[in-house]
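Okay, upload_15.txt is below, compact mmCIF, C-alpha atoms and all ligand atoms:
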```
# COMPACT_ATOMS: atom_id res chain seq x y z
CA MET A 1 -29.23 3.84 27.24
CA ILE A 2 -26.36 1.74 28.56
CA ARG A 3 -23.18 2.30 26.56
CA ASP A 4 -21.02 -0.45 27.99
CA ALA A 5 -22.79 -2.94 30.25
CA GLU A 6 -19.58 -4.46 31.62
CA MET A 7 -18.10 -1.10 32.56
CA LEU A 8 -21.36 -0.06 34.22
CA ASP A 9 -21.62 -3.34 36.15
CA GLN A 10 -18.11 -2.88 37.50
CA PHE A 11 -18.80 0.68 38.60
CA THR A 12 -22.19 -0.27 40.09
CA ASP A 13 -20.63 -3.19 42.02
CA ALA A 14 -17.97 -0.89 43.46
CA VAL A 15 -20.63 1.63 44.50
CA ARG A 16 -22.80 -1.15 45.99
CA ARG A 17 -19.90 -2.41 48.11
CA TYR A 18 -18.98 1.12 49.18
CA VAL A 19 -22.57 1.94 50.17
CA ARG A 20 -23.07 -1.29 52.14
CA GLU A 21 -19.67 -1.70 53.75
CA ARG A 22 -18.65 1.91 54.34
CA LEU A 23 -21.76 4.12 54.46
CA VAL A 24 -24.47 1.98 56.07
CA PRO A 25 -22.38 1.53 59.27
CA LEU A 26 -22.01 5.34 59.46
CA GLU A 27 -25.75 6.10 59.22
CA GLU A 28 -26.38 6.49 62.94
CA GLN A 29 -23.31 8.65 63.45
CA VAL A 30 -24.33 10.96 60.60
CA SER A 31 -27.86 11.19 61.93
CA ASN A 32 -26.66 12.04 65.46
CA GLU A 33 -23.93 14.47 64.44
CA ASP A 34 -25.80 16.00 61.47
CA GLN A 35 -22.53 15.88 59.57
CA ILE A 36 -21.01 13.76 56.80
CA PRO A 37 -17.38 12.85 57.71
CA ALA A 38 -14.86 14.75 55.58
CA GLU A 39 -13.12 11.47 54.62
CA VAL A 40 -16.35 10.24 53.04
CA VAL A 41 -16.54 13.36 50.86
CA THR A 42 -12.93 12.80 49.76
CA GLU A 43 -13.63 9.14 48.96
CA MET A 44 -16.66 10.10 46.87
CA LYS A 45 -14.54 12.56 44.91
CA GLU A 46 -11.93 9.87 44.29
CA MET A 47 -14.61 7.49 43.02
CA GLY A 48 -15.67 10.07 40.43
CA LEU A 49 -19.19 10.35 41.86
CA PHE A 50 -19.36 14.14 41.58
CA GLY A 51 -18.91 13.89 37.82
CA ILE A 52 -21.05 10.95 36.75
CA SER A 53 -23.48 13.11 34.75
CA ILE A 54 -20.88 15.48 33.31
CA ALA A 55 -19.64 14.92 29.76
CA GLU A 56 -16.31 13.14 29.31
CA GLU A 57 -14.98 16.10 27.29
CA HIS A 58 -15.43 18.14 30.50
CA SER A 59 -13.67 15.56 32.67
CA GLY A 60 -16.79 13.78 33.94
CA LEU A 61 -17.76 10.14 33.49
CA GLY A 62 -20.38 11.06 30.88
CA PHE A 63 -23.05 8.68 32.17
CA THR A 64 -26.35 8.54 30.33
CA LEU A 65 -29.40 9.07 32.51
CA GLU A 66 -30.15 5.33 32.51
CA GLU A 67 -26.63 4.71 33.83
CA GLU A 68 -26.91 7.52 36.37
CA VAL A 69 -30.20 6.26 37.83
CA ARG A 70 -28.65 2.85 38.46
CA ILE A 71 -26.08 4.56 40.69
CA ALA A 72 -28.78 6.69 42.32
CA MET A 73 -30.72 3.49 43.17
CA GLU A 74 -27.61 2.01 44.82
CA PHE A 75 -27.29 5.16 46.94
CA GLY A 76 -30.94 4.80 47.95
CA HIS A 77 -29.80 1.80 50.00
CA THR A 78 -28.37 4.15 52.62
CA ALA A 79 -29.31 7.42 54.34
CA PRO A 80 -30.30 9.96 51.64
CA ALA A 81 -27.86 12.50 53.12
CA PHE A 82 -24.94 10.56 51.59
CA ARG A 83 -26.27 10.99 48.05
CA SER A 84 -26.87 14.68 48.70
CA VAL A 85 -23.11 15.17 49.13
CA PHE A 86 -22.62 14.82 45.37
CA GLY A 87 -26.30 15.01 44.32
CA THR A 88 -26.34 18.71 43.56
CA ASN A 89 -23.12 18.46 41.49
CA VAL A 90 -24.60 15.62 39.44
CA GLY A 91 -28.04 17.19 39.16
CA ILE A 92 -29.55 20.57 39.86
CA GLY A 93 -26.23 22.30 40.69
CA SER A 94 -24.50 21.59 37.36
CA GLN A 95 -27.24 20.73 34.87
CA ALA A 96 -28.22 24.30 33.99
CA ILE A 97 -24.70 24.72 32.58
CA SER A 98 -24.62 21.22 31.03
CA ILE A 99 -27.99 21.74 29.33
CA ASP A 100 -28.00 25.44 28.43
CA GLY A 101 -24.54 26.88 29.21
CA THR A 102 -22.30 28.52 26.60
CA PRO A 103 -19.20 26.57 25.48
CA GLU A 104 -17.06 28.89 27.65
CA GLN A 105 -19.26 28.32 30.72
CA LYS A 106 -19.11 24.56 30.19
CA ALA A 107 -15.35 24.59 29.75
CA TYR A 108 -14.82 26.63 32.93
CA TRP A 109 -17.38 25.19 35.35
CA LEU A 110 -18.04 21.57 34.39
CA PRO A 111 -14.56 20.14 35.11
CA ARG A 112 -14.68 21.83 38.51
CA PHE A 113 -18.10 20.31 39.27
CA ALA A 114 -16.95 16.92 37.97
CA SER A 115 -13.96 16.71 40.30
CA GLY A 116 -15.92 18.03 43.28
CA GLU A 117 -13.45 20.91 43.62
CA THR A 118 -16.51 23.17 43.23
CA ILE A 119 -19.72 22.26 45.05
CA GLY A 120 -22.75 23.41 43.10
CA SER A 121 -26.13 24.43 44.48
CA PHE A 122 -29.44 25.43 42.86
CA ALA A 123 -31.14 28.60 44.09
CA LEU A 124 -34.70 28.89 42.80
CA THR A 125 -37.04 28.83 45.83
CA GLU A 126 -37.69 32.05 47.78
CA PRO A 127 -39.65 32.91 50.93
CA ASP A 128 -42.71 33.76 48.79
CA VAL A 129 -41.92 31.64 45.74
CA GLY A 130 -42.18 27.85 46.01
CA SER A 131 -44.44 25.95 43.63
CA ASP A 132 -45.07 29.13 41.60
CA ALA A 133 -41.47 29.12 40.43
CA GLY A 134 -42.07 31.64 37.63
CA ALA A 135 -42.85 34.35 40.18
CA VAL A 136 -39.19 34.74 41.28
CA LYS A 137 -38.67 38.13 42.97
CA THR A 138 -34.88 38.13 43.38
CA ALA A 139 -33.77 40.91 41.05
CA ALA A 140 -30.78 41.12 38.70
CA ARG A 141 -30.32 44.78 37.77
CA PRO A 142 -27.98 45.63 34.89
CA THR A 143 -24.80 47.47 35.79
CA ASP A 144 -21.43 48.08 34.11
CA GLY A 145 -20.08 44.72 32.95
CA GLY A 146 -22.82 42.64 34.54
CA TYR A 147 -25.68 42.56 37.02
CA LEU A 148 -26.33 43.31 40.69
CA ILE A 149 -28.36 40.52 42.29
CA SER A 150 -30.54 41.22 45.35
CA GLY A 151 -33.02 38.96 47.08
CA THR A 152 -33.39 35.96 49.37
CA LYS A 153 -33.35 32.30 48.34
CA ARG A 154 -34.81 29.76 50.78
CA TYR A 155 -34.30 26.05 51.62
CA ILE A 156 -31.26 25.82 49.39
CA THR A 157 -29.70 22.34 49.58
CA ASN A 158 -25.93 22.33 50.13
CA ALA A 159 -25.85 26.16 50.39
CA PRO A 160 -23.53 26.14 53.44
CA LEU A 161 -21.01 24.02 51.48
CA ALA A 162 -21.47 25.59 48.05
CA ASP A 163 -18.76 27.19 45.95
CA ALA A 164 -21.15 28.18 43.15
CA PHE A 165 -24.87 28.81 42.90
CA THR A 166 -27.16 28.54 39.91
CA VAL A 167 -29.43 31.48 40.70
CA MET A 168 -32.75 32.28 39.07
CA ALA A 169 -33.29 36.05 39.16
CA ARG A 170 -35.57 38.52 37.42
CA THR A 171 -33.80 40.61 34.77
CA ALA A 172 -36.99 42.12 33.31
CA SER A 173 -38.34 44.26 36.15
CA ASP A 174 -41.52 45.04 34.17
CA THR A 175 -42.58 41.36 34.31
CA ALA A 176 -43.96 39.23 37.12
CA ASP A 177 -44.02 35.86 35.34
CA ALA A 178 -41.60 33.25 34.04
CA SER A 179 -40.67 35.26 30.93
CA GLY A 180 -38.57 37.77 32.89
CA VAL A 181 -36.40 35.26 34.76
CA SER A 182 -32.75 34.60 33.88
CA ALA A 183 -30.29 32.02 35.23
CA PHE A 184 -26.84 32.96 36.52
CA ILE A 185 -23.87 31.03 37.78
CA VAL A 186 -22.61 32.89 40.85
CA ASP A 187 -19.32 32.33 42.65
CA ALA A 188 -20.15 31.83 46.34
CA LYS A 189 -17.12 33.93 47.32
CA SER A 190 -18.60 37.04 45.62
CA ASP A 191 -19.20 40.10 47.80
CA GLY A 192 -22.83 40.55 48.80
CA ILE A 193 -23.67 36.91 49.60
CA THR A 194 -24.68 35.82 53.11
CA ILE A 195 -25.41 32.19 53.92
CA GLY A 196 -28.10 31.65 56.56
CA LYS A 197 -27.89 29.26 59.50
CA PRO A 198 -28.50 25.62 58.50
CA GLU A 199 -32.16 24.73 59.13
CA LYS A 200 -33.18 22.10 61.70
CA LYS A 201 -35.07 19.51 59.68
CA MET A 202 -37.48 16.60 60.24
CA GLY A 203 -35.01 14.17 58.68
CA GLN A 204 -32.10 13.75 56.26
CA GLN A 205 -29.63 14.87 58.96
CA GLY A 206 -26.21 15.42 57.40
CA THR A 207 -27.66 17.39 54.47
CA LYS A 208 -27.29 21.12 54.92
CA VAL A 209 -30.09 23.45 53.86
CA SER A 210 -30.18 27.21 54.41
CA ASP A 211 -31.13 30.63 53.09
CA VAL A 212 -28.85 32.48 50.70
CA ILE A 213 -29.17 36.25 50.83
CA PHE A 214 -27.91 38.37 47.96
CA SER A 215 -27.45 42.11 48.43
CA ASP A 216 -26.13 43.95 45.41
CA CYS A 217 -23.99 40.95 44.56
CA PHE A 218 -22.08 41.70 41.35
CA VAL A 219 -22.20 38.98 38.70
CA PRO A 220 -20.33 39.50 35.42
CA THR A 221 -22.21 39.30 32.11
CA GLU A 222 -20.35 36.12 31.13
CA ASN A 223 -22.09 34.34 34.06
CA LEU A 224 -25.55 34.73 32.51
CA ILE A 225 -26.26 31.07 31.69
CA GLY A 226 -26.55 30.60 27.94
CA GLY A 227 -25.79 34.30 27.44
CA VAL A 228 -29.48 35.12 26.90
CA GLU A 229 -31.83 36.93 29.28
CA GLY A 230 -35.32 35.58 29.94
CA MET A 231 -34.44 31.90 29.48
CA GLY A 232 -33.83 31.13 33.17
CA PHE A 233 -37.22 29.63 33.98
CA LYS A 234 -37.09 27.25 31.01
CA THR A 235 -33.56 26.24 31.98
CA ALA A 236 -34.75 25.59 35.56
CA MET A 237 -37.66 23.48 34.29
CA LYS A 238 -35.35 21.38 32.09
CA VAL A 239 -33.04 20.84 35.07
CA LEU A 240 -36.00 19.79 37.21
CA ASP A 241 -37.45 17.42 34.57
CA ARG A 242 -34.17 15.54 34.61
CA GLY A 243 -33.79 15.83 38.39
CA ARG A 244 -37.22 14.32 38.95
CA ILE A 245 -36.15 11.10 37.22
CA HIS A 246 -33.01 10.93 39.38
CA ILE A 247 -35.06 11.48 42.57
CA SER A 248 -37.43 8.70 41.49
CA ALA A 249 -34.44 6.36 41.38
CA VAL A 250 -33.36 7.37 44.88
CA CYS A 251 -36.91 6.71 46.15
CA ILE A 252 -36.83 3.22 44.63
CA GLY A 253 -33.44 2.49 46.19
CA VAL A 254 -34.74 3.55 49.61
CA ALA A 255 -37.87 1.41 49.13
CA LYS A 256 -35.69 -1.64 48.46
CA ARG A 257 -33.71 -0.98 51.64
CA LEU A 258 -36.92 -0.64 53.65
CA ILE A 259 -38.23 -3.90 52.18
CA GLN A 260 -34.97 -5.61 53.13
CA GLU A 261 -35.20 -4.22 56.69
CA SER A 262 -38.80 -5.49 56.88
CA LEU A 263 -37.84 -8.96 55.63
CA ASN A 264 -34.92 -9.20 58.07
CA TYR A 265 -36.93 -8.05 61.06
CA SER A 266 -39.99 -10.15 60.31
CA SER A 267 -37.86 -13.26 59.84
CA ASP A 268 -36.32 -12.79 63.30
CA ARG A 269 -39.22 -11.50 65.34
CA LYS A 270 -41.49 -14.24 66.69
CA GLN A 271 -45.13 -13.83 67.75
CA PHE A 272 -47.82 -16.47 68.17
CA GLY A 273 -45.09 -19.09 68.11
CA LYS A 274 -43.45 -18.31 64.75
CA PRO A 275 -41.54 -15.58 62.87
CA ILE A 276 -44.02 -12.84 61.98
CA ILE A 277 -43.14 -13.22 58.28
CA GLY A 278 -45.12 -16.48 58.56
CA HIS A 279 -48.30 -14.46 59.23
CA GLN A 280 -50.23 -13.66 56.11
CA LEU A 281 -51.14 -10.09 57.09
CA VAL A 282 -47.44 -9.28 57.50
CA GLN A 283 -46.75 -10.95 54.15
CA ALA A 284 -49.40 -8.73 52.59
CA LEU A 285 -47.69 -5.56 53.85
CA ILE A 286 -44.35 -6.65 52.41
CA SER A 287 -45.82 -7.94 49.14
CA ASP A 288 -47.58 -4.64 48.48
CA SER A 289 -44.30 -2.79 49.03
CA ILE A 290 -42.36 -5.10 46.70
CA THR A 291 -44.98 -4.79 43.96
CA GLU A 292 -45.18 -0.99 44.15
CA SER A 293 -41.41 -0.67 44.18
CA LEU A 294 -41.10 -2.88 41.08
CA ALA A 295 -43.77 -0.81 39.31
CA ALA A 296 -41.98 2.45 40.15
CA GLU A 297 -38.67 1.00 38.93
CA ALA A 298 -40.15 -0.11 35.59
CA LEU A 299 -41.68 3.33 35.05
CA MET A 300 -38.55 5.21 36.09
CA LEU A 301 -36.24 3.13 33.85
CA SER A 302 -38.51 3.58 30.86
CA VAL A 303 -38.56 7.38 31.38
CA ALA A 304 -34.76 7.48 31.79
CA ARG A 305 -34.36 5.58 28.49
CA ASP A 306 -36.78 7.94 26.75
CA TYR A 307 -34.80 10.90 28.12
CA ASP A 308 -31.60 9.42 26.69
CA ASP A 309 -33.40 8.99 23.35
CA GLY A 310 -34.23 12.69 23.31
CA LYS A 311 -37.99 12.23 23.70
CA ASP A 312 -40.26 14.76 25.41
CA ILE A 313 -40.53 13.35 28.95
CA LYS A 314 -42.11 16.26 30.88
CA LEU A 315 -45.28 14.27 31.62
CA GLU A 316 -43.51 10.96 32.26
CA ALA A 317 -40.84 12.52 34.53
CA ALA A 318 -43.56 14.13 36.64
CA ALA A 319 -45.48 10.82 36.74
CA ALA A 320 -42.38 8.87 37.78
CA LYS A 321 -41.49 11.38 40.50
CA MET A 322 -45.03 11.45 41.84
CA PHE A 323 -45.43 7.67 41.82
CA ALA A 324 -41.99 6.85 43.24
CA SER A 325 -42.06 9.45 46.02
CA GLU A 326 -45.61 8.55 47.09
CA MET A 327 -44.70 4.86 46.82
CA VAL A 328 -41.70 5.17 49.15
CA GLY A 329 -43.89 7.05 51.63
CA ARG A 330 -46.26 4.09 51.76
CA VAL A 331 -43.38 1.59 51.87
CA ALA A 332 -41.79 3.44 54.82
CA ASP A 333 -45.13 3.47 56.60
CA ARG A 334 -45.56 -0.28 56.09
CA ALA A 335 -41.96 -0.91 57.19
CA VAL A 336 -42.67 0.83 60.49
CA GLN A 337 -45.87 -1.21 60.81
CA VAL A 338 -44.00 -4.49 60.23
CA HIS A 339 -41.56 -3.49 62.98
CA GLY A 340 -44.44 -2.72 65.37
CA GLY A 341 -43.30 -0.85 68.49
CA ALA A 342 -39.67 -1.21 67.42
CA GLY A 343 -40.44 0.82 64.29
CA TYR A 344 -41.13 3.84 66.47
CA ILE A 345 -37.77 3.59 68.23
CA SER A 346 -34.85 5.46 66.75
CA GLU A 347 -32.47 2.53 67.24
CA TYR A 348 -34.14 0.93 64.20
CA ALA A 349 -33.26 2.31 60.75
CA VAL A 350 -36.89 2.37 59.60
CA GLU A 351 -37.75 5.13 62.09
CA ARG A 352 -35.08 7.37 60.52
CA PHE A 353 -36.02 6.48 56.94
CA TYR A 354 -39.70 7.17 57.72
CA ARG A 355 -38.73 10.79 58.45
CA ASP A 356 -36.16 11.00 55.64
CA VAL A 357 -38.54 9.97 52.85
CA ARG A 358 -41.13 12.65 53.67
CA LEU A 359 -39.05 15.19 51.76
CA PHE A 360 -39.25 13.26 48.48
CA ARG A 361 -42.92 14.22 48.06
CA ILE A 362 -42.04 17.89 48.45
CA TYR A 363 -38.71 18.86 46.88
CA GLU A 364 -38.01 19.13 43.14
CA GLY A 365 -41.76 19.75 42.83
CA THR A 366 -44.53 18.66 45.19
CA THR A 367 -46.85 15.81 44.27
CA GLN A 368 -49.50 18.43 43.54
CA ILE A 369 -47.20 20.20 41.06
CA GLN A 370 -46.48 16.84 39.37
CA GLN A 371 -50.25 16.34 39.03
CA LEU A 372 -50.54 19.77 37.40
CA VAL A 373 -47.70 19.03 35.00
CA ILE A 374 -49.16 15.63 34.07
CA ALA A 375 -52.62 17.06 33.35
CA ARG A 376 -51.29 20.08 31.43
CA GLU A 377 -48.98 18.00 29.28
CA ALA A 378 -51.73 15.47 28.60
CA MET A 379 -54.04 18.28 27.45
CA ARG A 380 -51.27 19.80 25.35
CA ARG A 381 -50.63 16.44 23.67
CA ILE A 382 -54.25 15.92 22.67
CA ALA A 383 -54.38 19.48 21.33
CA VAL A 384 -51.59 18.87 18.75
N1 LIG B 1 -39.15 22.41 29.88
C1 LIG B 1 -38.97 23.44 29.04
N2 LIG B 1 -39.77 24.55 29.03
C2 LIG B 1 -40.78 24.57 29.91
C3 LIG B 1 -41.04 23.52 30.80
C4 LIG B 1 -40.18 22.40 30.76
N3 LIG B 1 -40.35 21.36 31.58
N4 LIG B 1 -42.12 23.82 31.54
C5 LIG B 1 -42.54 25.03 31.12
N5 LIG B 1 -41.72 25.48 30.13
C6 LIG B 1 -41.87 26.71 29.38
C7 LIG B 1 -43.26 26.84 28.80
O1 LIG B 1 -43.33 26.18 27.53
C8 LIG B 1 -43.44 28.33 28.67
O2 LIG B 1 -42.77 28.76 27.51
P1 LIG B 1 -43.43 29.89 26.53
O3 LIG B 1 -43.59 31.09 27.42
O4 LIG B 1 -42.40 30.07 25.48
O5 LIG B 1 -44.72 29.32 26.08
C9 LIG B 1 -42.68 28.86 29.87
O6 LIG B 1 -41.74 27.84 30.25
C10 LIG B 1 -43.58 29.18 31.05
O7 LIG B 1 -44.25 27.98 31.36
P2 LIG B 1 -45.62 27.92 32.15
O8 LIG B 1 -46.53 28.99 31.65
O9 LIG B 1 -46.07 26.51 32.12
O10 LIG B 1 -45.15 28.30 33.63
P3 LIG B 1 -45.96 28.39 34.96
O11 LIG B 1 -45.56 29.64 35.63
O12 LIG B 1 -47.42 28.13 34.71
O13 LIG B 1 -45.32 27.20 35.88
C11 LIG B 1 -45.08 25.00 36.84
C12 LIG B 1 -45.37 25.88 35.60
C13 LIG B 1 -46.11 25.14 37.95
C14 LIG B 1 -45.13 23.59 36.32
C15 LIG B 1 -43.67 25.34 37.40
O14 LIG B 1 -43.67 26.60 38.01
C16 LIG B 1 -43.11 24.30 38.36
O15 LIG B 1 -42.63 23.24 37.96
N6 LIG B 1 -43.15 24.60 39.68
C17 LIG B 1 -42.52 23.78 40.68
C18 LIG B 1 -41.15 24.27 40.96
C19 LIG B 1 -40.35 23.27 41.70
O16 LIG B 1 -40.25 22.10 41.33
N7 LIG B 1 -39.70 23.72 42.77
C20 LIG B 1 -38.89 22.87 43.55
C21 LIG B 1 -37.77 23.65 44.09
S1 LIG B 1 -36.30 23.43 43.25
S2 LIG B 1 -35.48 21.93 44.23
```

For the file at hand, write its structure as structure tokens.
Ligand code: COS
Amino acid sequence: MIRDAEMLDQFTDAVRRYVRERLVPLEEQVSNEDQIPAEVVTEMKEMGLFGISIAEEHSGLGFTLEEEVRIAMEFGHTAPAFRSVFGTNVGIGSQAISIDGTPEQKAYWLPRFASGETIGSFALTEPDVGSDAGAVKTAARPTDGGYLISGTKRYITNAPLADAFTVMARTASDTADASGVSAFIVDAKSDGITIGKPEKKMGQQGTKVSDVIFSDCFVPTENLIGGVEGMGFKTAMKVLDRGRIHISAVCIGVAKRLIQESLNYSSDRKQFGKPIIGHQLVQALISDSITESLAAEALMLSVARDYDDGKDIKLEAAAAKMFASEMVGRVADRAVQVHGGAGYISEYAVERFYRDVRLFRIYEGTTQIQQLVIAREAMRRIAV
């Protein structure tokens, strides 16, 4: 749903210019230094990017999901690490509170997330708990006035920068499944939290990912998200359903950039006496990428609109995420192929993007988990 097309166009144009003129020239530096310049983070805060998904009554821009994905696609035009700066605040770091928080939790946390004063991060995955997210082992034991959280969370995006974590922890020690998991909002300055060393990754340099270790970390009762125990897994799933649509948009944005790189390179590079774009087999590679990217975009936009209309989109969000992330993997592969030997050399952007996009098929649910969700939802729908 687009509330005001003119307002959205203006914002999107400003983001497009910022991405192309300011961020694209910084890509190599960020990749080499594994660090986003502090000025960039400040500029993103000033543009309101940290708060696009947060309601206007909580000082955000109150974008609908269809509006948000248009911005996410623009950010796909540059290294994914730039979007990750504000990505957790817009998505998995704030949405548990936006979707299921109490009015008090919303009033306290959301304006802080919206301004970027507080960096949010989502702590679900553990050393032994990845796809089987309901099996969370991190424990939240009741104590006077709250809970003591103990356990290790793994591969947590933005953990080294975070001011607050949404933590999924088991409150019902007599359970081993999703029913005993609760969600908490935890101040990163609390005693009993240790942040691990940032991981060395295959790609997406500039994004920080690390362990978060909780040992008897006290969390007050008012930080139990929604104020109800046992709802944490469902909250996490709702956050991920929404996040999967956003990630689809980023994949599509990256695919468009890779197609542009392929068109530019193949128009310049000459073999057999003419630019390689004049050769039909090269045209086929690029045409397949354009077609798949358009298909992913049509699917993603339709799911985002259905989400805004309040429809059940579990199946469609999983389908969009699976299709878009697999699609951009193929597009990156073809982009390297179009570049030939140059595509294997790090001086060319496609080499970096080839590594960056591999993560999209894994995080916020692997392709195999999306397949499970699609099949289960389809079976559930025919059963009713
Ligand atoms: N929205 C709301 N509720 C949901 C839901 C959703 N998308 N998905 C499941 N639930 C509910 C179910 O309805 C069920 O409720 P009841 O107990 O009241 O019936 C409950 O949650 C448990 O669901 P289910 O039995 O389906 O859970 P499973 O343990 O079988 O797990 C999968 C389901 C595999 C789909 C889930 O664990 C998953 O998505 N895993 C991937 C996690 C992931 O994406 N990790 C990435 C890291 S975070 S960046």

Query - Residue neighbourhood Met327 of chain A, 9 Å, all atoms listed in the file, exclusion window fewer than 6 positions, as a PyMOL selection string - result: chain A and resi 251-252+255+289+292-293+296

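Atom pair atom O1 of ligand LIG 1 (chain B) / atom CA of Lys234 of chain A: separated by 7.2 Å.
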
Query raised in the report: So which residues are near ligand LIG 1 (chain B), meaning at most 6 Å away with all atoms listed in the file counted, given back as a ChimeraX atom specification?
Result: /A:124-125,130-134,178,234,237-238,241,314,363-365,369,373

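Closest approach to Thr42 of chain A among A:Ala172, A:Val85, A:Leu294, A:Leu110: A:Val85, based on only C-alpha atoms.
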
Report summary line: atom CA of Ala284 of chain A sits from atom CA of Glu74 of chain A at a separation of 25.5 Å

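Summary of the local environment: counting all atoms listed in the file, residues at most 7 Å from segment 66-68 of chain A, other than itself and those fewer than 3 positions away along its chain, are Met1, Ile2, Ile52, Ser53, Phe63, Ile71, Ala72, Leu301, Ala304 and Arg305 of chain A.
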
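Comparing A:Glu326, A:Glu57, A:Glu27, A:Asp191 by their smallest distance to Cys217 of chain A, the closest is A:Asp191 (using only C-alpha atoms).
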
Report task. Would you mind listing what lies within 10 Å of Lys189 of chain A as an NGL selection string, with all atoms listed in the file counted and same-chain residues fewer than 5 positions away left out? Result -> :A and (162-164 or 194)

For Ser302 of chain A, list every protein, DNA or RNA residue within 12 Å, evaluated using all atoms listed in the file, and leave out those in the same chain fewer than 4 positions away; present the list as a JSON list (two decimals) with C-alpha atoms, in the frame of the given file.
```
[["chain", "number", "residue", "atom", "x", "y", "z"],
["A", 1, "MET", "CA", -29.23, 3.84, 27.24],
["A", 65, "LEU", "CA", -29.40, 9.07, 32.51],
["A", 66, "GLU", "CA", -30.15, 5.33, 32.51],
["A", 69, "VAL", "CA", -30.20, 6.26, 37.83],
["A", 245, "ILE", "CA", -36.15, 11.10, 37.22],
["A", 248, "SER", "CA", -37.43, 8.70, 41.49],
["A", 249, "ALA", "CA", -34.44, 6.36, 41.38],
["A", 295, "ALA", "CA", -43.77, -0.81, 39.31],
["A", 296, "ALA", "CA", -41.98, 2.45, 40.15],
["A", 297, "GLU", "CA", -38.67, 1.00, 38.93],
["A", 298, "ALA", "CA", -40.15, -0.11, 35.59],
["A", 306, "ASP", "CA", -36.78, 7.94, 26.75],
["A", 307, "TYR", "CA", -34.80, 10.90, 28.12],
["A", 308, "ASP", "CA", -31.60, 9.42, 26.69],
["A", 309, "ASP", "CA", -33.40, 8.99, 23.35],
["A", 311, "LYS", "CA", -37.99, 12.23, 23.70],
["A", 313, "ILE", "CA", -40.53, 13.35, 28.95],
["A", 316, "GLU", "CA", -43.51, 10.96, 32.26],
["A", 317, "ALA", "CA", -40.84, 12.52, 34.53],
["A", 319, "ALA", "CA", -45.48, 10.82, 36.74],
["A", 320, "ALA", "CA", -42.38, 8.87, 37.78]]
```

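If you measure from each of A:Met73, A:Ile185, A:Leu61, A:Met44 to Phe122 of chain A using only C-alpha atoms, the closest one turns out to be A:Ile185.
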
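Minimum atom-to-atom distances from A:Pro25, A:Gly60, A:Gly230, A:Gly180 to Trp109 of chain A were compared using all atoms listed in the file, and the lowest value belongs to A:Gly60.
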
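Here atom CA of Phe82 of chain A stands at a distance of 13.7 Å from atom CA of Val357 of chain A.
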
Point (-24.9, 46.2, 32.6) neighbourhood (12 Å, all atoms listed in the file) written as a JSON list (two decimals) with C-alpha atoms, in the coordinates of the input:
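Listing of point29.json after writing:
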```json
[["chain", "number", "residue", "atom", "x", "y", "z"],
["A", 140, "ALA", "CA", -30.78, 41.12, 38.70],
["A", 141, "ARG", "CA", -30.32, 44.78, 37.77],
["A", 142, "PRO", "CA", -27.98, 45.63, 34.89],
["A", 143, "THR", "CA", -24.80, 47.47, 35.79],
["A", 144, "ASP", "CA", -21.43, 48.08, 34.11],
["A", 145, "GLY", "CA", -20.08, 44.72, 32.95],
["A", 146, "GLY", "CA", -22.82, 42.64, 34.54],
["A", 147, "TYR", "CA", -25.68, 42.56, 37.02],
["A", 148, "LEU", "CA", -26.33, 43.31, 40.69],
["A", 149, "ILE", "CA", -28.36, 40.52, 42.29],
["A", 171, "THR", "CA", -33.80, 40.61, 34.77],
["A", 218, "PHE", "CA", -22.08, 41.70, 41.35],
["A", 219, "VAL", "CA", -22.20, 38.98, 38.70],
["A", 220, "PRO", "CA", -20.33, 39.50, 35.42],
["A", 221, "THR", "CA", -22.21, 39.30, 32.11],
["A", 222, "GLU", "CA", -20.35, 36.12, 31.13],
["A", 224, "LEU", "CA", -25.55, 34.73, 32.51]]
```

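Candidate residues A:Asn158, A:Gln95, A:Ser210, A:Asn264 were compared for distance to Ala55 of chain A, and the nearest is A:Gln95, using only C-alpha atoms.
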